[in-house]
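Since the structure comes first, as structure tokens, the remarks are kept for the end.
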Amino acid sequence: MRASAQLARVLSAAALLAAGAGCFRTEFPSGCELDETQCEGLVPVDSSTIETSVDDSAIGDSVPDTIADVEVAEASDAAFDLGDAPDVESLDSSADTAADTGISDTAPDTLVADSAVDVADSKADVADSSPDTTVDGGAPDTAPDTLVADSAFDAAEVAVDTGPVCTASAYSCSGDALRQCKSDGSGYTSVVTCPTATCSATAGRCTFCTPGARSCSGAQPTKCNALGSAFVSDGAACVAPQTCGGGGAAGVCGCTPPVTACPTGMVCGTYPNGCGGTIVCGTCSAGKACGEANTCLSPIDLAPTLGDANCAILSDRSVRCWGSNSVGQLGDGTTTDRKTPVAVPALKGALSVVLGLYHGCAVLGDRSVACWGPNMNGELGDGTSDAHIVPKPVPGLTDVKALALSFANTCALLMDGTVKCWGGQDLTGSKYLVPTPVAGLTSVSQIVAGQDTICALSGTTLYCFGYNAVGQVGSGDTSPHYTPTTVSGAYSSWAMNKGTCAVRTDTGVSCWGRDADGMFGYTSTMPIKSPASATQYNGMQRMFVGYNFACGLRSDATMACAGGNFYGQLGDATYTDRTVVSVISGLSGVTQATAGYYHACALNSSGISCWGGNYAGQLGDGTTTNRNVPTLVKW
């Protein structure tokens with residue numbers, strides 16, 4: 001049926017229905033076209049009773065329409081199509097099941113393509129009562145539609161008119177703009193505006209820079225972003241002497257050192273490289289230290305000690321200390337234990353250094369004295385009880401020759417042979433916060449202290465005074481002696497801790513006081529109140545006494561020790577206690593030595609070697625491992 005005839009037929013049917021009349025027939029002759037002149041003989045019907053269930057607007061049949069149904073329904077449908085001019089619905093070739101809005105049939109439609117009508121529709125989309133805003137975006141079609149684009153068929157037309165316009169996720173360039181296709185292929189979204197002429201659809205980014213590439217913006221390091229469109233800040237700006245790109249690394253803070261070689265004559269240490277760093281200019285041989293003048297220094301003096309700290313004077317008269325520092329006994333301005341020697345700047349030019357149980361003092365180049373450490377007993381001699389973790393001068397004390405330090409006291413031997421002491425009550429029975437002369441001591445040549453006793457040598461006579469609970473004064477009793485008391489015998493040197501051993505002028509050795517772990521080799525019961533011969537040490541040039549062991553320097557410059565050996569303090573490669581001296585193997589040429597609480601150290605041409613307990617780093621080898629053989633101090 002042609003579209004013009006169909007339009008006339010629909011308008012006529014619509015007029016009849018509007019007049020309230022109509023006709024109905026259950027059968028049509030084959031090939032018959034029904035018009036108003038052919039209603040003769042048909043059963044008249046009231047339009048209000050017709051098609052109450054026909055599948056057109058707001059009408060729902062319960063059974064499929066017949067061709068007659070369709071005819072009448074099309075007339076009704078025309079009313080809808082006319083509202084959406086210029087489309088006119090064609091005669092469906094089969095029953096309506098989903099032909100128009102609101103229609104629901106039980107069988108599928110086969111829709112006739114109104115190609116002639118659609119041509120007109122293609123020009124009218126922008127003026128439809130329901131414009132195809134999702135089909136053509138409001139723009140005229142460029143080709144005839146397959147389906148009529150009215151409100152009843154828009155959904156079907158969408159599938160025809162809106163095929164993908166781009167490949168999902170693909171990139172495109174529009175001038176300087178990089179775009180990416182939407183996931184449904186319906187169009188592009190903007191990604192970034194590239195710098196001029198750098199958009200690359202193939203790469204999917206700008207080609208202004210390579211993502212991740214580094215550069216600089218003045219002192220600011222930068223990095224190319226992931227889109228290749230710009231360099232962005234990356235990290236903090238460079239601070240002089242570093243520059244961005246310095247040292248040859250692009251976009252990184254660095255510096256090109258102007259100094260690459262050590263100055264002529266520099267033997268050891270480090271040298272500034274001009275970029276805030278240093279150049280290593282060599283190291284010293286084992287046992288030697290690199291000094292401030294970048295020269296290798298040798299230790300020349302080893303400080304006597306009673307506790308777990310050690311100090312040494314180097315060949316430039318600087319002082320370095322190591323070991324326990326819990327109460328500031330190293331004088332380096334901290335309370336941190338040191339496993340290797342650290343400098344004590346305030347002691348440059350020192351003549352001698354001595355360490356008590358917890359504090360230290362030094363004779364300086366002008367023969368004044370500076371002390372450091374705890375001061376609860378006034379042992380620092382500055383008139384207060386204030387602690388000092390760096391050396392502080394002892395006011396008014398000059399012309400000092402030597403020092404002796406105990407647990408709570410300090411004594412100074414003056415160049416005129418007199419002695420002044422200060423500190424707690426252990427020595428004199430009174431507490432003194434400043435140096436005070438000791439009556440009865442003249443022409444003294446040496447002074448040495450134990451934990452709570454001090455002895456002074458005048459000629460060959462030894463005078464001792466202080467606390468005496470274990471007979472350490474050597475007076476034959478255990479009562480305190482607060483004035484110097486003569487010790488029987490003639491002596492040339494001695495060493496003290498809780499016990500005392502002295503070298504007699506006849507080269508024999510006598511010991512008294514606390515004989516812990518058989519260190520004197522005696523079989524008698526402690527305490528030893530008076531000097532008794534310790535024959536196993538006979539011939540020793542010097543004696544060194546620790547808390548529970550003793551060592552002697554032999555005439556051949558080797559050493560031998562006896563006593564407790566739990567920490568390896570006998571240095572004989574064992575941890576076995578000994579009541580008979582055992583020679584320390586591998587240690588020769590010894591010129592000085594000291595014995596602390598549970599460790600000992602010796603000085604020879606190779607440097608300083610220590611052995612025994614190392615729990616506070618007192619061996620100076622960079623560890624806290626106990627050693628039962630001598631181990632070089634690491635400078």
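Following the order of the structure tokens, first chain is A, next is B, and so on, with residues numbered from 1 inside each chain and ligands from 1 in the order they appear.
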#### Entry: Ser492 (chain A) surroundings by only C-alpha atoms, 8 Å radius, close-in-sequence under 6 positions cut, as a VMD selection string
chain A and resid 457 460 502 to 505
Do you know which residues are at most 10 Å from Leu306 (chain A) counting only C-alpha atoms, after dropping those on the same chain fewer than 6 positions away, and could you put them as a PDB file with N, CA and C atoms, in the first residue's frame?
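Contents of around_4.pdb, as written:
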```pdb
ATOM      1  N   VAL A 354      95.484  11.553  84.846  1.00  0.00           N
ATOM      2  CA  VAL A 354      95.239  10.472  85.808  1.00  0.00           C
ATOM      3  C   VAL A 354      93.735  10.298  85.952  1.00  0.00           C
ATOM      4  N   LEU A 355      93.284   9.036  86.034  1.00  0.00           N
ATOM      5  CA  LEU A 355      91.863   8.731  86.203  1.00  0.00           C
ATOM      6  C   LEU A 355      91.640   7.997  87.509  1.00  0.00           C
ATOM      7  N   GLY A 356      90.691   8.530  88.306  1.00  0.00           N
ATOM      8  CA  GLY A 356      90.282   7.815  89.505  1.00  0.00           C
ATOM      9  C   GLY A 356      89.238   6.767  89.157  1.00  0.00           C
ATOM     10  N   LEU A 357      88.396   6.448  90.141  1.00  0.00           N
ATOM     11  CA  LEU A 357      87.364   5.451  89.875  1.00  0.00           C
ATOM     12  C   LEU A 357      86.298   6.029  88.953  1.00  0.00           C
ATOM     13  N   TYR A 358      85.942   7.330  89.139  1.00  0.00           N
ATOM     14  CA  TYR A 358      84.895   7.945  88.320  1.00  0.00           C
ATOM     15  C   TYR A 358      85.212   9.352  87.824  1.00  0.00           C
ATOM     16  N   HIS A 359      86.341   9.924  88.197  1.00  0.00           N
ATOM     17  CA  HIS A 359      86.663  11.266  87.725  1.00  0.00           C
ATOM     18  C   HIS A 359      88.099  11.305  87.211  1.00  0.00           C
ATOM     19  N   LEU A 405      94.462  10.153  92.162  1.00  0.00           N
ATOM     20  CA  LEU A 405      92.999  10.220  92.292  1.00  0.00           C
ATOM     21  C   LEU A 405      92.464   8.910  92.855  1.00  0.00           C
ATOM     22  N   SER A 406      91.602   9.014  93.859  1.00  0.00           N
ATOM     23  CA  SER A 406      90.940   7.840  94.435  1.00  0.00           C
ATOM     24  C   SER A 406      89.466   7.867  94.038  1.00  0.00           C
ATOM     25  N   PHE A 407      88.617   7.241  94.841  1.00  0.00           N
ATOM     26  CA  PHE A 407      87.180   7.258  94.569  1.00  0.00           C
ATOM     27  C   PHE A 407      86.589   8.644  94.809  1.00  0.00           C
ATOM     28  N   ALA A 449      97.422   6.680  94.241  1.00  0.00           N
ATOM     29  CA  ALA A 449      96.201   6.465  95.024  1.00  0.00           C
ATOM     30  C   ALA A 449      95.564   5.119  94.686  1.00  0.00           C
ATOM     31  N   GLY A 450      94.908   4.545  95.692  1.00  0.00           N
ATOM     32  CA  GLY A 450      94.010   3.410  95.489  1.00  0.00           C
ATOM     33  C   GLY A 450      92.579   3.921  95.562  1.00  0.00           C
ATOM     34  N   GLN A 451      91.619   3.020  95.744  1.00  0.00           N
ATOM     35  CA  GLN A 451      90.223   3.454  95.738  1.00  0.00           C
ATOM     36  C   GLN A 451      89.921   4.418  96.876  1.00  0.00           C
ATOM     37  N   MET A 496      98.271   0.628  93.436  1.00  0.00           N
ATOM     38  CA  MET A 496      97.210   0.388  94.409  1.00  0.00           C
ATOM     39  C   MET A 496      95.851   0.289  93.723  1.00  0.00           C
ATOM     40  N   ASN A 497      94.962  -0.451  94.371  1.00  0.00           N
ATOM     41  CA  ASN A 497      93.538  -0.429  94.079  1.00  0.00           C
ATOM     42  C   ASN A 497      92.869  -0.667  95.418  1.00  0.00           C
ATOM     43  N   LYS A 498      92.321  -1.860  95.658  1.00  0.00           N
ATOM     44  CA  LYS A 498      91.928  -2.234  97.019  1.00  0.00           C
ATOM     45  C   LYS A 498      93.082  -2.906  97.748  1.00  0.00           C
ATOM     46  N   VAL A 545      98.110  -2.842  89.752  1.00  0.00           N
ATOM     47  CA  VAL A 545      97.137  -3.603  90.541  1.00  0.00           C
ATOM     48  C   VAL A 545      95.720  -3.226  90.126  1.00  0.00           C
ATOM     49  N   GLY A 546      94.941  -4.254  89.730  1.00  0.00           N
ATOM     50  CA  GLY A 546      93.534  -4.057  89.427  1.00  0.00           C
ATOM     51  C   GLY A 546      92.670  -4.434  90.616  1.00  0.00           C
ATOM     52  N   TYR A 547      91.380  -4.614  90.364  1.00  0.00           N
ATOM     53  CA  TYR A 547      90.477  -4.908  91.473  1.00  0.00           C
ATOM     54  C   TYR A 547      90.723  -6.301  92.052  1.00  0.00           C
ATOM     55  N   THR A 594      98.911   0.039  82.833  1.00  0.00           N
ATOM     56  CA  THR A 594      97.955   0.401  83.872  1.00  0.00           C
ATOM     57  C   THR A 594      96.976  -0.741  84.036  1.00  0.00           C
ATOM     58  N   ALA A 595      96.438  -0.888  85.249  1.00  0.00           N
ATOM     59  CA  ALA A 595      95.418  -1.903  85.517  1.00  0.00           C
ATOM     60  C   ALA A 595      94.195  -1.198  86.071  1.00  0.00           C
ATOM     61  N   GLY A 596      93.071  -1.380  85.398  1.00  0.00           N
ATOM     62  CA  GLY A 596      91.824  -0.793  85.859  1.00  0.00           C
ATOM     63  C   GLY A 596      91.047  -1.776  86.705  1.00  0.00           C
ATOM     64  N   TYR A 597      89.724  -1.704  86.615  1.00  0.00           N
ATOM     65  CA  TYR A 597      88.904  -2.557  87.467  1.00  0.00           C
ATOM     66  C   TYR A 597      89.048  -4.029  87.063  1.00  0.00           C
ATOM     67  N   TYR A 598      88.694  -4.356  85.831  1.00  0.00           N
ATOM     68  CA  TYR A 598      88.821  -5.729  85.327  1.00  0.00           C
ATOM     69  C   TYR A 598      89.561  -5.775  83.990  1.00  0.00           C
ATOM     70  N   HIS A 599      90.381  -4.786  83.691  1.00  0.00           N
ATOM     71  CA  HIS A 599      91.125  -4.784  82.439  1.00  0.00           C
ATOM     72  C   HIS A 599      92.498  -4.157  82.671  1.00  0.00           C
TER      73      HIS A 599
END
```
### Message
Residues within 7 Å of Cys361 (chain A), please, as a list of chain:residue names. Count only C-alpha atoms; anything in the same chain fewer than 3 positions from it doesn't count.
### Response
A:Val353, A:Val354, A:Leu355, A:Val369, A:Ala370, A:Cys371, A:Trp372
### Message
I need the residues in region 329-412 of chain A that are strand (DSSP E or B) according to DSSP; give them as a VMD selection string.
### Response
chain A and resid 338 to 343 352 to 355 360 to 363 369 to 373 388 to 393 400 to 405 409 to 412
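The environment of region 577-593 of chain A within 6 Å, counting only C-alpha atoms and disregarding residues fewer than 5 places along the same chain, consists of Gly518, Met519, Gly521, Ala557, Thr558, Met559, Ala560, Cys561, Ala562, Gly563, Gly564, Asn565, Gly571, Asp572, Cys601, Ala602, Leu603 and Asn604 of chain A.
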Only N, CA and C atoms, please: the residues just picked out, written as a PDB file, in the first residue's frame.
```pdb
ATOM      1  N   GLY A 518      93.642 -14.627  94.967  1.00  0.00           N
ATOM      2  CA  GLY A 518      95.029 -15.105  95.042  1.00  0.00           C
ATOM      3  C   GLY A 518      95.996 -14.298  94.220  1.00  0.00           C
ATOM      4  N   MET A 519      95.681 -13.017  93.967  1.00  0.00           N
ATOM      5  CA  MET A 519      96.532 -12.243  93.065  1.00  0.00           C
ATOM      6  C   MET A 519      97.918 -11.985  93.644  1.00  0.00           C
ATOM      7  N   GLY A 521      99.409 -14.282  95.543  1.00  0.00           N
ATOM      8  CA  GLY A 521     100.026 -15.595  95.656  1.00  0.00           C
ATOM      9  C   GLY A 521     100.176 -16.066  97.088  1.00  0.00           C
ATOM     10  N   ALA A 557     111.029  -6.242  79.647  1.00  0.00           N
ATOM     11  CA  ALA A 557     109.950  -5.437  79.084  1.00  0.00           C
ATOM     12  C   ALA A 557     108.750  -6.272  78.645  1.00  0.00           C
ATOM     13  N   THR A 558     108.618  -7.470  79.247  1.00  0.00           N
ATOM     14  CA  THR A 558     107.396  -8.259  79.079  1.00  0.00           C
ATOM     15  C   THR A 558     106.599  -8.162  80.364  1.00  0.00           C
ATOM     16  N   MET A 559     105.389  -8.743  80.351  1.00  0.00           N
ATOM     17  CA  MET A 559     104.537  -8.655  81.529  1.00  0.00           C
ATOM     18  C   MET A 559     104.043 -10.032  81.950  1.00  0.00           C
ATOM     19  N   ALA A 560     103.787 -10.172  83.256  1.00  0.00           N
ATOM     20  CA  ALA A 560     103.227 -11.404  83.806  1.00  0.00           C
ATOM     21  C   ALA A 560     102.176 -11.017  84.831  1.00  0.00           C
ATOM     22  N   CYS A 561     101.078 -11.803  84.901  1.00  0.00           N
ATOM     23  CA  CYS A 561      99.940 -11.445  85.760  1.00  0.00           C
ATOM     24  C   CYS A 561      99.445 -12.662  86.527  1.00  0.00           C
ATOM     25  N   ALA A 562      98.713 -12.405  87.626  1.00  0.00           N
ATOM     26  CA  ALA A 562      98.084 -13.460  88.425  1.00  0.00           C
ATOM     27  C   ALA A 562      96.805 -12.903  89.036  1.00  0.00           C
ATOM     28  N   GLY A 563      95.915 -13.839  89.480  1.00  0.00           N
ATOM     29  CA  GLY A 563      94.673 -13.444  90.128  1.00  0.00           C
ATOM     30  C   GLY A 563      93.451 -13.883  89.350  1.00  0.00           C
ATOM     31  N   GLY A 564      92.365 -13.151  89.516  1.00  0.00           N
ATOM     32  CA  GLY A 564      91.119 -13.476  88.823  1.00  0.00           C
ATOM     33  C   GLY A 564      91.247 -13.276  87.309  1.00  0.00           C
ATOM     34  N   ASN A 565      90.513 -14.119  86.551  1.00  0.00           N
ATOM     35  CA  ASN A 565      90.658 -14.084  85.093  1.00  0.00           C
ATOM     36  C   ASN A 565      89.316 -14.283  84.389  1.00  0.00           C
ATOM     37  N   GLY A 571      95.376 -11.841  80.438  1.00  0.00           N
ATOM     38  CA  GLY A 571      95.963 -11.721  79.104  1.00  0.00           C
ATOM     39  C   GLY A 571      96.721 -12.935  78.621  1.00  0.00           C
ATOM     40  N   ASP A 572      96.433 -14.114  79.190  1.00  0.00           N
ATOM     41  CA  ASP A 572      97.198 -15.320  78.836  1.00  0.00           C
ATOM     42  C   ASP A 572      96.440 -16.252  77.894  1.00  0.00           C
ATOM     43  N   CYS A 601      96.032  -2.301  80.299  1.00  0.00           N
ATOM     44  CA  CYS A 601      96.556  -1.799  79.032  1.00  0.00           C
ATOM     45  C   CYS A 601      98.064  -1.615  79.168  1.00  0.00           C
ATOM     46  N   ALA A 602      98.745  -1.715  78.024  1.00  0.00           N
ATOM     47  CA  ALA A 602     100.197  -1.544  78.004  1.00  0.00           C
ATOM     48  C   ALA A 602     100.590  -0.728  76.778  1.00  0.00           C
ATOM     49  N   LEU A 603     101.650   0.074  76.913  1.00  0.00           N
ATOM     50  CA  LEU A 603     102.159   0.907  75.833  1.00  0.00           C
ATOM     51  C   LEU A 603     103.512   0.379  75.376  1.00  0.00           C
ATOM     52  N   ASN A 604     103.661   0.203  74.060  1.00  0.00           N
ATOM     53  CA  ASN A 604     104.967  -0.109  73.473  1.00  0.00           C
ATOM     54  C   ASN A 604     105.077   0.598  72.129  1.00  0.00           C
TER      55      ASN A 604
END
```
